[in-house]
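A.B. asks: Quick one, model22.pdb (PDB, C-alpha atoms):
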ATOM      1  CA  HIS X1474     247.891 176.764 147.112
ATOM      2  CA  LEU X1475     246.022 175.465 150.153
ATOM      3  CA  ALA X1476     249.244 175.391 152.160
ATOM      4  CA  LEU X1477     249.837 179.048 151.277
ATOM      5  CA  LEU X1478     246.473 180.067 152.752
ATOM      6  CA  GLY X1479     247.520 181.443 156.117
ATOM      7  CA  TRP X1480     251.139 180.267 155.871
ATOM      8  CA  SER X1481     254.206 181.351 153.955
ATOM      9  CA  PRO X1482     257.854 180.352 154.054
ATOM     10  CA  ALA X1483     260.292 182.763 155.666
ATOM     11  CA  ASP X1484     261.734 183.854 152.304
ATOM     12  CA  GLY X1485     258.244 184.566 150.881
ATOM     13  CA  GLN X1486     258.677 182.162 147.962
ATOM     14  CA  GLU X1487     255.295 180.840 146.814
ATOM     15  CA  PHE X1488     256.318 178.503 143.997
ATOM     16  CA  LEU X1489     257.374 175.316 145.757
ATOM     17  CA  THR X1490     257.455 171.652 144.873
ATOM     18  CA  ARG X1491     255.605 169.289 147.199
ATOM     19  CA  GLU X1492     258.942 168.184 148.664
ATOM     20  CA  GLU X1493     260.051 171.786 149.282
ATOM     21  CA  LEU X1494     256.707 172.573 150.885
ATOM     22  CA  VAL X1495     256.948 169.623 153.277
ATOM     23  CA  ALA X1496     260.549 170.463 154.184
ATOM     24  CA  ARG X1497     259.831 174.164 154.831
ATOM     25  CA  PHE X1498     256.434 174.001 156.503
ATOM     26  CA  ASP X1499     256.548 175.403 160.018
ATOM     27  CA  LEU X1500     253.475 175.711 162.258
ATOM     28  CA  GLU X1501     255.065 178.800 163.865
ATOM     29  CA  ARG X1502     254.557 180.670 160.560
ATOM     30  CA  VAL X1503     250.812 179.929 160.317
ATOM     31  CA  SER X1504     248.893 183.187 160.566
ATOM     32  CA  ARG X1505     246.072 183.710 163.038
ATOM     33  CA  SER X1506     244.293 185.981 160.532
ATOM     34  CA  PRO X1507     241.567 184.468 158.375
ATOM     35  CA  ALA X1508     242.798 183.391 154.956
ATOM     36  CA  ILE X1509     241.277 184.597 151.692
ATOM     37  CA  PHE X1510     240.943 182.048 148.905
ATOM     38  CA  ASP X1511     242.116 183.757 145.695
ATOM     39  CA  VAL X1512     241.074 181.849 142.559
ATOM     40  CA  GLN X1513     243.301 183.976 140.308
ATOM     41  CA  LYS X1514     246.310 183.182 142.476
ATOM     42  CA  LEU X1515     245.390 179.488 142.365
ATOM     43  CA  ASP X1516     245.152 179.590 138.561
ATOM     44  CA  ALA X1517     248.490 181.402 138.214
ATOM     45  CA  LEU X1518     250.205 178.942 140.521
ATOM     46  CA  ALA X1519     248.643 175.980 138.704
ATOM     47  CA  ALA X1520     249.903 177.302 135.358
ATOM     48  CA  ARG X1521     253.437 177.664 136.738
ATOM     49  CA  HIS X1522     253.344 174.087 138.007
ATOM     50  CA  MET X1523     251.856 172.886 134.710
ATOM     51  CA  ALA X1524     254.752 174.446 132.787
ATOM     52  CA  ARG X1525     257.242 172.396 134.854
ATOM     53  CA  LEU X1526     255.777 169.036 133.874
ATOM     54  CA  PRO X1527     257.617 166.917 131.295
ATOM     55  CA  GLY X1528     256.286 166.781 127.723
ATOM     56  CA  PRO X1529     255.119 163.141 127.807
ATOM     57  CA  ARG X1530     253.097 163.772 130.985
ATOM     58  CA  LEU X1531     251.539 166.901 129.477
ATOM     59  CA  ALA X1532     250.740 164.991 126.275
ATOM     60  CA  ALA X1533     248.938 162.319 128.275
ATOM     61  CA  MET X1534     246.984 165.016 130.136
ATOM     62  CA  ALA X1535     246.089 166.858 126.907
ATOM     63  CA  ALA X1536     244.983 163.729 125.041
ATOM     64  CA  GLY X1537     241.657 163.469 126.897
ATOM     65  CA  PRO X1538     240.376 167.007 126.295
ATOM     66  CA  LEU X1539     241.605 167.025 122.688
ATOM     67  CA  SER X1540     240.030 163.596 122.049
ATOM     68  CA  GLU X1541     236.715 164.836 123.424
ATOM     69  CA  ALA X1542     236.957 167.796 121.036
ATOM     70  CA  GLY X1543     237.487 165.328 118.162
ATOM     71  CA  TRP X1544     241.024 166.561 117.437
ATOM     72  CA  TRP X1545     243.106 163.675 118.735
ATOM     73  CA  ASP X1546     243.248 159.920 118.214
ATOM     74  CA  PRO X1547     244.579 158.248 121.376
ATOM     75  CA  GLY X1548     245.745 155.364 119.185
ATOM     76  CA  ALA X1549     248.111 157.647 117.269
ATOM     77  CA  GLY X1550     251.708 156.601 116.709
ATOM     78  CA  SER X1551     254.813 157.756 118.539
ATOM     79  CA  GLU X1552     255.504 160.684 116.160
ATOM     80  CA  ALA X1553     252.027 162.048 116.830
ATOM     81  CA  TRP X1554     252.566 161.691 120.607
ATOM     82  CA  GLU X1555     255.860 163.590 120.290
ATOM     83  CA  TRP X1556     253.990 166.346 118.434
ATOM     84  CA  MET X1557     251.335 166.334 121.166
ATOM     85  CA  ALA X1558     254.057 166.741 123.806
ATOM     86  CA  ARG X1559     255.452 169.780 121.955
ATOM     87  CA  LEU X1560     251.945 171.218 121.627
ATOM     88  CA  ALA X1561     251.164 170.696 125.316
ATOM     89  CA  LEU X1562     254.523 172.210 126.354
ATOM     90  CA  LEU X1563     253.817 175.209 124.148
ATOM     91  CA  PHE X1564     250.520 175.952 125.893
ATOM     92  CA  ALA X1565     251.327 174.649 129.401
ATOM     93  CA  GLU X1566     252.372 177.992 130.895
ATOM     94  CA  ARG X1567     249.052 179.484 129.747
ATOM     95  CA  LEU X1568     246.907 176.750 131.288
ATOM     96  CA  SER X1569     245.685 176.465 134.846
ATOM     97  CA  ARG X1570     243.680 173.385 133.815
ATOM     98  CA  MET X1571     244.570 171.083 130.925
ATOM     99  CA  ALA X1572     240.936 171.166 129.743
ATOM    100  CA  ASP X1573     241.639 174.781 128.701
ATOM    101  CA  ILE X1574     243.934 173.541 125.927
ATOM    102  CA  VAL X1575     240.857 173.030 123.737
ATOM    103  CA  LYS X1576     240.053 176.748 123.794
ATOM    104  CA  GLU X1577     243.695 177.862 123.592
ATOM    105  CA  ALA X1578     244.624 175.608 120.651
ATOM    106  CA  ALA X1579     241.344 175.797 118.728
ATOM    107  CA  PHE X1580     242.854 177.954 115.978
ATOM    108  CA  LEU X1581     245.263 175.103 115.157
ATOM    109  CA  PHE X1582     242.514 172.533 114.690
ATOM    110  CA  GLU X1583     239.509 174.522 113.488
ATOM    111  CA  PHE X1584     240.649 177.762 111.919
ATOM    112  CA  ALA X1585     237.538 179.845 111.208
ATOM    113  CA  PRO X1586     238.214 183.153 109.428
ATOM    114  CA  GLU X1587     234.670 184.392 110.128
ATOM    115  CA  ARG X1588     235.100 183.831 113.861
ATOM    116  CA  SER X1589     238.524 185.524 113.811
ATOM    117  CA  LEU X1590     237.231 188.510 111.878
ATOM    118  CA  ALA X1591     234.445 188.963 114.448
ATOM    119  CA  GLU X1592     237.002 189.418 117.268
ATOM    120  CA  PRO X1593     237.237 193.133 118.205
ATOM    121  CA  GLN X1594     241.053 193.097 118.540
ATOM    122  CA  VAL X1595     241.422 191.376 115.170
ATOM    123  CA  LYS X1596     239.034 193.837 113.501
ATOM    124  CA  LYS X1597     240.908 196.777 114.987
ATOM    125  CA  ALA X1598     244.295 195.497 113.831
ATOM    126  CA  LEU X1599     243.067 194.728 110.321
ATOM    127  CA  SER X1600     241.583 198.201 109.956
ATOM    128  CA  ASP X1601     244.917 199.834 110.839
ATOM    129  CA  ALA X1602     246.991 200.880 107.790
ATOM    130  CA  GLY X1603     250.295 200.060 109.508
ATOM    131  CA  SER X1604     249.099 196.571 110.416
ATOM    132  CA  ARG X1605     247.906 195.948 106.872
ATOM    133  CA  ARG X1606     251.301 197.052 105.528
ATOM    134  CA  VAL X1607     253.022 194.535 107.861
ATOM    135  CA  ILE X1608     250.650 191.740 106.786
ATOM    136  CA  GLU X1609     251.166 192.490 103.093
ATOM    137  CA  ALA X1610     254.970 192.511 103.524
ATOM    138  CA  LEU X1611     254.722 189.202 105.397
ATOM    139  CA  ALA X1612     252.508 187.623 102.726
ATOM    140  CA  ARG X1613     255.056 188.443 100.009
ATOM    141  CA  ARG X1614     257.747 186.591 101.947
ATOM    142  CA  LEU X1615     255.981 183.477 103.208
ATOM    143  CA  PRO X1616     257.401 180.307 101.697
ATOM    144  CA  GLY X1617     255.266 177.443 100.476
ATOM    145  CA  GLU X1618     256.862 175.048 102.972
ATOM    146  CA  PRO X1619     256.519 174.975 106.775
ATOM    147  CA  LEU X1620     258.402 177.665 108.658
ATOM    148  CA  SER X1621     261.299 176.824 110.918
ATOM    149  CA  ALA X1622     261.962 179.141 113.852
ATOM    150  CA  PRO X1623     265.109 180.653 112.257
ATOM    151  CA  ARG X1624     263.359 181.188 108.903
ATOM    152  CA  PHE X1625     260.380 182.843 110.615
ATOM    153  CA  GLN X1626     262.697 185.154 112.549
ATOM    154  CA  ALA X1627     264.532 186.094 109.332
ATOM    155  CA  ILE X1628     261.214 186.897 107.620
ATOM    156  CA  ALA X1629     260.044 188.953 110.618
ATOM    157  CA  ASP X1630     263.329 190.891 110.505
ATOM    158  CA  GLU X1631     262.854 191.599 106.788
ATOM    159  CA  VAL X1632     259.297 192.838 107.431
ATOM    160  CA  ARG X1633     260.544 194.977 110.340
ATOM    161  CA  ARG X1634     263.136 196.661 108.122
ATOM    162  CA  GLU X1635     260.698 197.188 105.239
ATOM    163  CA  CYS X1636     257.876 198.588 107.369
ATOM    164  CA  GLY X1637     259.962 200.393 109.988
ATOM    165  CA  VAL X1638     258.045 198.896 112.925
ATOM    166  CA  LYS X1639     259.042 196.697 115.833
ATOM    167  CA  GLY X1640     257.639 195.057 118.951
ATOM    168  CA  LYS X1641     253.864 194.878 119.151
ATOM    169  CA  ASP X1642     253.433 196.915 115.952
ATOM    170  CA  LEU X1643     255.294 194.147 114.109
ATOM    171  CA  TYR X1644     254.327 190.936 115.874
ATOM    172  CA  HIS X1645     250.657 191.627 116.606
ATOM    173  CA  PRO X1646     249.679 191.918 112.911
ATOM    174  CA  ILE X1647     251.883 188.915 112.083
ATOM    175  CA  ARG X1648     250.156 186.849 114.793
ATOM    176  CA  ILE X1649     246.728 187.820 113.503
ATOM    177  CA  ALA X1650     247.683 187.027 109.908
ATOM    178  CA  LEU X1651     249.119 183.607 110.752
ATOM    179  CA  THR X1652     246.777 182.432 113.518
ATOM    180  CA  GLY X1653     243.652 184.581 113.344
ATOM    181  CA  ALA X1654     244.073 185.196 117.081
ATOM    182  CA  ALA X1655     245.052 188.348 118.944
ATOM    183  CA  SER X1656     247.075 186.455 121.554
ATOM    184  CA  GLY X1657     248.749 183.126 122.089
ATOM    185  CA  PRO X1658     252.104 181.448 122.559
ATOM    186  CA  GLU X1659     255.279 183.083 121.317
ATOM    187  CA  LEU X1660     255.222 182.863 117.500
ATOM    188  CA  VAL X1661     258.796 181.676 117.119
ATOM    189  CA  ARG X1662     257.856 178.634 119.253
ATOM    190  CA  LEU X1663     254.367 178.193 117.795
ATOM    191  CA  LEU X1664     255.046 178.164 114.075
ATOM    192  CA  PRO X1665     257.331 175.129 113.896
TER     193      PRO X1665
END
Can you present the structure in this file as C-alpha cells?
C.D. replies:
Amino acid sequence: HLALLGWSPADGQEFLTREELVARFDLERVSRSPAIFDVQKLDALAARHMARLPGPRLAAMAAGPLSEAGWWDPGAGSEAWEWMARLALLFAERLSRMADIVKEAAFLFEFAPERSLAEPQVKKALSDAGSRRVIEALARRLPGEPLSAPRFQAIADEVRRECGVKGKDLYHPIRIALTGAASGPELVRLLP
C-alpha cells in the first residue's frame, strides 16, 4: 500500500506480490502530487492479500486472537489445526487484520440469541412474513446431523421452490436462522 502512494504500475494493477512490486517499480512513474493515505484502501488491499495466504499460515495467525478470546487451545491436535485452517480461510477475505476474526467468528463460538435479536437487521427480517415463511420451511427440513455443502444446497432449493423466493429473499432469512447474523461468509462454505 505504501508503494502505491504516489506510484502505480503502467497497467494500473494495484494487487501485486512483493516480487511483482519490486520487478515493476519505476521511479519515472512516481507522481509529484502529494499522496493521500486511504485507510479503507489499505484495509481492502490487506484483505485481498490475507485471502491469498495458505491455510496453515492463516491458522497460525488466527490462533493468537482466538486463544486470547478463550476459544482456542494452542496445544490442540492436528485435526483441530486443520479445522482452524478451514475457519481462517473462510474468513480471510473479510479480514484486513487477523485480530478481526474474533468479531467475525463470534457467532460460532458464543451464539447469543438475545444479542442477535437486538440487531436491527435481524429484527427487521424476523418481522417480515416472507422471511418467517422461509425460516419455517427451512426448520422442517433441517436434519439432525451436520450439513454438508451439497445437502444444504438441496435444502435451500427445496425451500426456494416451496416459498417461491430466491436470492436475498431466500438466503438472508436462512443466514439469520442458522447463524443469528445478518452477514458473513457464504453459507454453502460456512455450514460444513
A.B. asks: Written as a list in words, which residues does the PyMOL selection byres ((chain X and resi 1476-1482) around 7) give for the file shown?
C.D. replies: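 The output of the PyMOL selection byres ((chain X and resi 1476-1482) around 7) on this file is His1474, Leu1475, Ala1483, Asp1484, Gly1485, Gln1486, Arg1497, Phe1498, Arg1502, Val1503, Ser1504, Ala1508 and Ile1509 of chain X.
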A.B. asks: Which residues match the PyMOL selection byres ((chain X and resi 1566) around 6) in the file above, as a list in words?
C.D. replies: Ala1520, Arg1521, Ala1524, Phe1564, Ala1565, Arg1567 and Leu1568 of chain X
A.B. asks: Taking the file as shown, what set of residues would the PyMOL selection byres ((chain X and resi 1579) around 12) give back, as JSON, numbers by chain?
C.D. replies: {"X": [1538, 1539, 1542, 1543, 1544, 1560, 1564, 1572, 1573, 1574, 1575, 1576, 1577, 1578, 1580, 1581, 1582, 1583, 1584, 1585, 1588, 1589, 1652, 1653, 1654, 1657]}
A.B. asks: Mind working out the centre and edge lengths of an axis-aligned box for segment 1644-1652 of chain X, all listed atoms inside, 8 Å added to each side, rounded to one decimal in Å and written as AutoDock Vina command-line options?
C.D. replies:
--center_x 250.5 --center_y 187.2 --center_z 113.3 --size_x 23.6 --size_y 25.5 --size_z 22.7
A.B. asks: Quick check, in Å to one decimal: how far apart do atom CA of Arg1614 of chain X and atom CA of Ile1628 of chain X lie?
C.D. replies: 6.7 Å
A.B. asks: As an exercise, work out the distance from atom CA of Ala1532 of chain X to atom CA of Ala1561 of chain X in Å and give it to one decimal place.
C.D. replies: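 Separation of atom CA of Ala1532 of chain X and atom CA of Ala1561 of chain X: 5.8 Å.
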A.B. asks: Quote the spacing between atom CA of Glu1635 of chain X and atom CA of Arg1662 of chain X in Å to one decimal place.
C.D. replies: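 Going from atom CA of Glu1635 of chain X over to atom CA of Arg1662 of chain X, I get 23.4 Å.
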A.B. asks: Ranking X:Ala1535, X:Leu1489, X:Leu1643, X:Ile1649 by minimum distance to Asp1630 of chain X and counting only C-alpha atoms, which one comes first?
C.D. replies: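 Result for the nearest residue to Asp1630 of chain X: X:Leu1643.
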A.B. asks: Using all atoms listed in the file, find the one residue out of X:Ala1627, X:Gly1637, X:Ala1553, X:Arg1606 that sits nearest to Ala1650 of chain X.
C.D. replies: X:Arg1606
A.B. asks: If we count only C-alpha atoms, what is near Val1661 of chain X at a cut-off of 12 Å, once residues fewer than 4 positions away on the same chain are taken out, given as JSON, numbers by chain?
C.D. replies: {"X": [1563, 1620, 1621, 1622, 1623, 1624, 1625, 1626, 1627, 1628, 1629, 1644, 1647, 1648, 1651, 1657, 1665]}
A.B. asks: Write the residues of the selection above to a file with C-alpha atoms, as an mmCIF file, keeping the file's coordinate frame.
C.D. replies:
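The result, stored in part.cif:
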data_model
loop_
_atom_site.group_PDB
_atom_site.id
_atom_site.type_symbol
_atom_site.label_atom_id
_atom_site.label_comp_id
_atom_site.auth_asym_id
_atom_site.auth_seq_id
_atom_site.Cartn_x
_atom_site.Cartn_y
_atom_site.Cartn_z
ATOM 1 C CA LEU X 1563 253.817 175.209 124.148
ATOM 2 C CA LEU X 1620 258.402 177.665 108.658
ATOM 3 C CA SER X 1621 261.299 176.824 110.918
ATOM 4 C CA ALA X 1622 261.962 179.141 113.852
ATOM 5 C CA PRO X 1623 265.109 180.653 112.257
ATOM 6 C CA ARG X 1624 263.359 181.188 108.903
ATOM 7 C CA PHE X 1625 260.380 182.843 110.615
ATOM 8 C CA GLN X 1626 262.697 185.154 112.549
ATOM 9 C CA ALA X 1627 264.532 186.094 109.332
ATOM 10 C CA ILE X 1628 261.214 186.897 107.620
ATOM 11 C CA ALA X 1629 260.044 188.953 110.618
ATOM 12 C CA TYR X 1644 254.327 190.936 115.874
ATOM 13 C CA ILE X 1647 251.883 188.915 112.083
ATOM 14 C CA ARG X 1648 250.156 186.849 114.793
ATOM 15 C CA LEU X 1651 249.119 183.607 110.752
ATOM 16 C CA GLY X 1657 248.749 183.126 122.089
ATOM 17 C CA PRO X 1665 257.331 175.129 113.896
#
A.B. asks: Complete segment 1573-1584 of chain X with all heavy atoms (output as a short mmCIF file (atom, residue, chain, number, x, y, z; two decimals), keeping the file's coordinate frame).
C.D. replies:
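Output contents, as saved in result-v3.cif:
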data_model
loop_
_atom_site.label_atom_id
_atom_site.label_comp_id
_atom_site.auth_asym_id
_atom_site.auth_seq_id
_atom_site.Cartn_x
_atom_site.Cartn_y
_atom_site.Cartn_z
N ASP X 1573 241.61 173.49 129.40
CA ASP X 1573 241.64 174.78 128.70
C ASP X 1573 242.42 174.72 127.39
O ASP X 1573 242.35 175.65 126.59
CB ASP X 1573 242.23 175.87 129.60
CG ASP X 1573 241.36 176.16 130.81
OD1 ASP X 1573 240.17 175.78 130.80
OD2 ASP X 1573 241.88 176.75 131.78
N ILE X 1574 243.16 173.64 127.16
CA ILE X 1574 243.93 173.54 125.93
C ILE X 1574 243.02 173.54 124.71
O ILE X 1574 243.40 174.00 123.64
CB ILE X 1574 244.88 172.32 125.92
CG1 ILE X 1574 245.94 172.49 124.81
CG2 ILE X 1574 244.11 171.02 125.79
CD1 ILE X 1574 247.09 171.51 124.89
N VAL X 1575 241.81 173.06 124.86
CA VAL X 1575 240.86 173.03 123.74
C VAL X 1575 240.58 174.46 123.25
O VAL X 1575 240.65 174.73 122.06
CB VAL X 1575 239.55 172.31 124.13
CG1 VAL X 1575 238.50 172.43 123.06
CG2 VAL X 1575 239.84 170.84 124.43
N LYS X 1576 240.31 175.34 124.16
CA LYS X 1576 240.05 176.75 123.79
C LYS X 1576 241.32 177.42 123.27
O LYS X 1576 241.30 178.12 122.26
CB LYS X 1576 239.52 177.50 125.01
CG LYS X 1576 239.25 178.96 124.75
CD LYS X 1576 238.69 179.63 126.00
CE LYS X 1576 238.93 181.09 125.97
NZ LYS X 1576 239.92 181.59 126.89
N GLU X 1577 242.44 177.20 123.96
CA GLU X 1577 243.70 177.86 123.59
C GLU X 1577 244.22 177.42 122.23
O GLU X 1577 244.79 178.21 121.50
CB GLU X 1577 244.77 177.61 124.66
CG GLU X 1577 244.50 178.31 125.97
CD GLU X 1577 244.65 179.81 125.88
OE1 GLU X 1577 245.50 180.30 125.12
OE2 GLU X 1577 243.91 180.51 126.59
N ALA X 1578 244.05 176.15 121.89
CA ALA X 1578 244.62 175.61 120.65
C ALA X 1578 243.60 175.48 119.52
O ALA X 1578 243.93 174.95 118.47
CB ALA X 1578 245.27 174.25 120.93
N ALA X 1579 242.41 175.96 119.73
CA ALA X 1579 241.34 175.80 118.73
C ALA X 1579 241.75 176.29 117.34
O ALA X 1579 241.43 175.66 116.34
CB ALA X 1579 240.07 176.51 119.19
N PHE X 1580 242.48 177.40 117.28
CA PHE X 1580 242.85 177.95 115.98
C PHE X 1580 243.74 177.00 115.18
O PHE X 1580 243.80 177.07 113.96
CB PHE X 1580 243.53 179.32 116.14
CG PHE X 1580 244.89 179.26 116.78
CD1 PHE X 1580 246.02 179.14 116.00
CD2 PHE X 1580 245.02 179.35 118.15
CE1 PHE X 1580 247.28 179.09 116.58
CE2 PHE X 1580 246.27 179.31 118.74
CZ PHE X 1580 247.40 179.18 117.96
N LEU X 1581 244.42 176.08 115.86
CA LEU X 1581 245.26 175.10 115.16
C LEU X 1581 244.44 173.98 114.52
O LEU X 1581 244.84 173.41 113.52
CB LEU X 1581 246.27 174.47 116.12
CG LEU X 1581 247.35 175.39 116.66
CD1 LEU X 1581 248.13 174.70 117.76
CD2 LEU X 1581 248.26 175.84 115.55
N PHE X 1582 243.31 173.67 115.13
CA PHE X 1582 242.51 172.53 114.69
C PHE X 1582 241.30 172.93 113.87
O PHE X 1582 240.85 172.18 113.02
CB PHE X 1582 242.07 171.71 115.91
CG PHE X 1582 243.21 171.09 116.64
CD1 PHE X 1582 243.76 171.70 117.76
CD2 PHE X 1582 243.76 169.89 116.22
CE1 PHE X 1582 244.81 171.13 118.44
CE2 PHE X 1582 244.82 169.31 116.90
CZ PHE X 1582 245.35 169.94 118.01
N GLU X 1583 240.73 174.07 114.17
CA GLU X 1583 239.51 174.52 113.49
C GLU X 1583 239.61 176.01 113.18
O GLU X 1583 238.90 176.83 113.74
CB GLU X 1583 238.28 174.28 114.37
CG GLU X 1583 237.95 172.83 114.56
CD GLU X 1583 236.69 172.63 115.39
OE1 GLU X 1583 236.21 173.59 116.04
OE2 GLU X 1583 236.17 171.51 115.40
N PHE X 1584 240.51 176.36 112.27
CA PHE X 1584 240.65 177.76 111.92
C PHE X 1584 239.37 178.23 111.24
O PHE X 1584 238.90 177.63 110.29
CB PHE X 1584 241.84 177.99 111.00
CG PHE X 1584 242.00 179.42 110.62
CD1 PHE X 1584 242.43 180.35 111.56
CD2 PHE X 1584 241.70 179.86 109.36
CE1 PHE X 1584 242.57 181.69 111.24
CE2 PHE X 1584 241.83 181.19 109.02
CZ PHE X 1584 242.27 182.11 109.96
#
